[in-house]
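First the structure, in the form of structure tokens, and then the observations on it.
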Amino acid sequence: MRFEMIKQVEQADLDELQHVNNVRYVQWIQDISRAHWESIAPEEIRKTAIWVVRQHLIQYRNAAKLGDTLRMQTYIKKSEGAISTRVVEMEDLSSGKPIVRSETEWCLLDSHTYRPMRISEEIRAVFIPKTET
């Protein structure tokens with residue numbers, strides 16, 4: 001199940017080369033990931049579980065500049081144990097050119113003990129619809 005957000009590049013997003021700063025892309029990756037989680041995970045689950053980043057793999061494909069409008073999409077690629085791999089793709093909305101693609105490993109923690117917890121079928125079902133075989 002894909003989740004989408006649109007982002008307009010603003011002056012504060014730029015680095016000294018007048019391109020979007022790499023740190024800003026990381027923030028947007030985290031922002032869309034959190035928004036996806038908060039938009040569909042039931043409140044009962046959100047109260048008992050939190051996600052932390054274990055690893056980011058980011059491919060910068062093209063530079064975004066001031067005034068560009070980016071389409072950001074995210075989805076869960078796989079989940080095993082306490083680790084979920086989330087993909088975020090960003091493209092220029094007007095040209096369709098890819099800007100960034102990332103794969104982030106997120107670790108699910110118990111919100112009270114901060115210890116890793118297995119991703120339950122309930123959580124998995126929220127993000128990865130079952131397909132008929």
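The chains in the structure tokens are called A, B, ... from first to last as shown; in each chain the residues are counted from 1, and the ligands are counted from 1 in the order shown.
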| said: I'd like the neighbourhood of range 64-68 of chain A as a list in words, where a residue qualifies if any of its atoms comes within 9 Å (using only C-alpha atoms), though same-chain residues fewer than 2 positions away should be ignored. | reply: Lys7, Gln8, Val9, Glu10, Gln11, Asp13, Leu14, Gln18, His19, Val20, Asn62, Leu70, Glu91, Asp92, Leu93, Ser94 and Ile99 of chain A
| said: What parts of chain A does DSSP call strand (DSSP E)? I'd like the answer as a PyMOL selection string. | reply: chain A and resi 3-8+49-60+69-80+83-92+98-110
If you keep C-alpha atoms, can you produce a file of those selected residues as an mmCIF file, in the first residue's frame?
```
data_model
loop_
_atom_site.group_PDB
_atom_site.id
_atom_site.type_symbol
_atom_site.label_atom_id
_atom_site.label_comp_id
_atom_site.auth_asym_id
_atom_site.auth_seq_id
_atom_site.Cartn_x
_atom_site.Cartn_y
_atom_site.Cartn_z
ATOM 1 C CA PHE A 3 1.296 6.539 0.713
ATOM 2 C CA GLU A 4 1.915 9.859 -1.031
ATOM 3 C CA MET A 5 2.738 13.445 -0.113
ATOM 4 C CA ILE A 6 3.497 16.497 -2.242
ATOM 5 C CA LYS A 7 6.296 18.892 -1.217
ATOM 6 C CA GLN A 8 7.141 22.310 -2.653
ATOM 7 C CA ALA A 49 5.075 0.729 19.609
ATOM 8 C CA ILE A 50 7.585 3.202 18.181
ATOM 9 C CA TRP A 51 9.919 3.026 15.193
ATOM 10 C CA VAL A 52 13.587 3.991 15.145
ATOM 11 C CA VAL A 53 15.923 4.132 12.163
ATOM 12 C CA ARG A 54 18.517 1.402 11.956
ATOM 13 C CA GLN A 55 19.969 2.257 8.534
ATOM 14 C CA HIS A 56 19.361 4.593 5.571
ATOM 15 C CA LEU A 57 20.476 3.762 2.020
ATOM 16 C CA ILE A 58 19.868 6.825 -0.145
ATOM 17 C CA GLN A 59 20.420 7.198 -3.881
ATOM 18 C CA TYR A 60 20.515 10.803 -5.068
ATOM 19 C CA THR A 69 7.223 20.337 -6.653
ATOM 20 C CA LEU A 70 8.103 16.828 -5.513
ATOM 21 C CA ARG A 71 5.863 13.791 -5.331
ATOM 22 C CA MET A 72 7.000 11.610 -2.432
ATOM 23 C CA GLN A 73 5.743 8.039 -2.181
ATOM 24 C CA THR A 74 6.473 5.374 0.396
ATOM 25 C CA TYR A 75 5.661 1.727 0.948
ATOM 26 C CA ILE A 76 6.865 -1.227 2.994
ATOM 27 C CA LYS A 77 9.115 -3.540 0.999
ATOM 28 C CA LYS A 78 9.450 -6.271 3.640
ATOM 29 C CA SER A 79 9.175 -6.954 7.347
ATOM 30 C CA GLU A 80 10.945 -9.640 9.360
ATOM 31 C CA ILE A 83 12.826 -4.883 11.223
ATOM 32 C CA SER A 84 10.772 -3.287 8.475
ATOM 33 C CA THR A 85 12.301 -2.040 5.219
ATOM 34 C CA ARG A 86 10.551 1.050 3.887
ATOM 35 C CA VAL A 87 11.114 2.529 0.424
ATOM 36 C CA VAL A 88 10.704 6.259 -0.234
ATOM 37 C CA GLU A 89 10.793 7.576 -3.785
ATOM 38 C CA MET A 90 10.778 11.257 -4.742
ATOM 39 C CA GLU A 91 10.242 12.588 -8.243
ATOM 40 C CA ASP A 92 9.793 15.978 -9.842
ATOM 41 C CA PRO A 98 13.511 10.715 -10.265
ATOM 42 C CA ILE A 99 15.134 12.766 -7.523
ATOM 43 C CA VAL A 100 15.787 10.394 -4.597
ATOM 44 C CA ARG A 101 15.193 6.740 -3.760
ATOM 45 C CA SER A 102 15.815 5.406 -0.291
ATOM 46 C CA GLU A 103 15.495 2.146 1.585
ATOM 47 C CA THR A 104 15.396 2.544 5.324
ATOM 48 C CA GLU A 105 15.477 -0.220 7.888
ATOM 49 C CA TRP A 106 13.235 0.683 10.806
ATOM 50 C CA CYS A 107 13.290 -1.250 14.072
ATOM 51 C CA LEU A 108 10.049 -1.578 16.038
ATOM 52 C CA LEU A 109 10.421 -0.899 19.753
ATOM 53 C CA ASP A 110 8.112 -1.389 22.705
#
```
| query | Please, what distance in Å, to one decimal, runs between CA of Ile128 in chain A and CA of Ile29 in chain A? | reply | 19.1 Å
Please provide as an mmCIF file with C-alpha atoms, in the first residue's frame all residues within 12 Å of Ser39 in chain A, with the sequence filter that same-chain residues fewer than 2 positions apart are discarded (counting only C-alpha atoms).
```cif
data_model
loop_
_atom_site.group_PDB
_atom_site.id
_atom_site.type_symbol
_atom_site.label_atom_id
_atom_site.label_comp_id
_atom_site.auth_asym_id
_atom_site.auth_seq_id
_atom_site.Cartn_x
_atom_site.Cartn_y
_atom_site.Cartn_z
ATOM 1 C CA ARG A 2 1.593 3.262 -1.149
ATOM 2 C CA PHE A 3 1.296 6.539 0.713
ATOM 3 C CA GLU A 4 1.915 9.859 -1.031
ATOM 4 C CA MET A 5 2.738 13.445 -0.113
ATOM 5 C CA ASP A 31 8.425 12.857 7.752
ATOM 6 C CA ILE A 32 6.623 10.770 5.130
ATOM 7 C CA SER A 33 7.387 7.572 7.037
ATOM 8 C CA ARG A 34 5.888 9.000 10.226
ATOM 9 C CA ALA A 35 2.876 10.429 8.355
ATOM 10 C CA HIS A 36 2.195 7.030 6.759
ATOM 11 C CA TRP A 37 2.379 5.268 10.151
ATOM 12 C CA ALA A 41 -1.959 2.517 12.267
ATOM 13 C CA PRO A 42 -4.678 2.300 14.920
ATOM 14 C CA GLU A 43 -4.108 4.499 17.963
ATOM 15 C CA ARG A 46 0.744 3.660 18.098
ATOM 16 C CA VAL A 126 -2.086 -2.545 8.252
ATOM 17 C CA PHE A 127 0.803 -1.917 5.858
#
```
| Pick from A:Ala12, A:Met1, A:Thr48, A:Arg24 nearest to Tyr114 in chain A, counting only C-alpha atoms |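 Going through A:Ala12, A:Met1, A:Thr48, A:Arg24 one by one, the smallest distance to Tyr114 in chain A is for A:Thr48.
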| request: Rank nothing, just name the residue among A:Ala125, A:Met117, A:Ile45, A:Ala63 nearest to Tyr25 in chain A, using only C-alpha atoms. | output: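 Among the listed residues, the smallest separation from Tyr25 in chain A belongs to A:Ala63.
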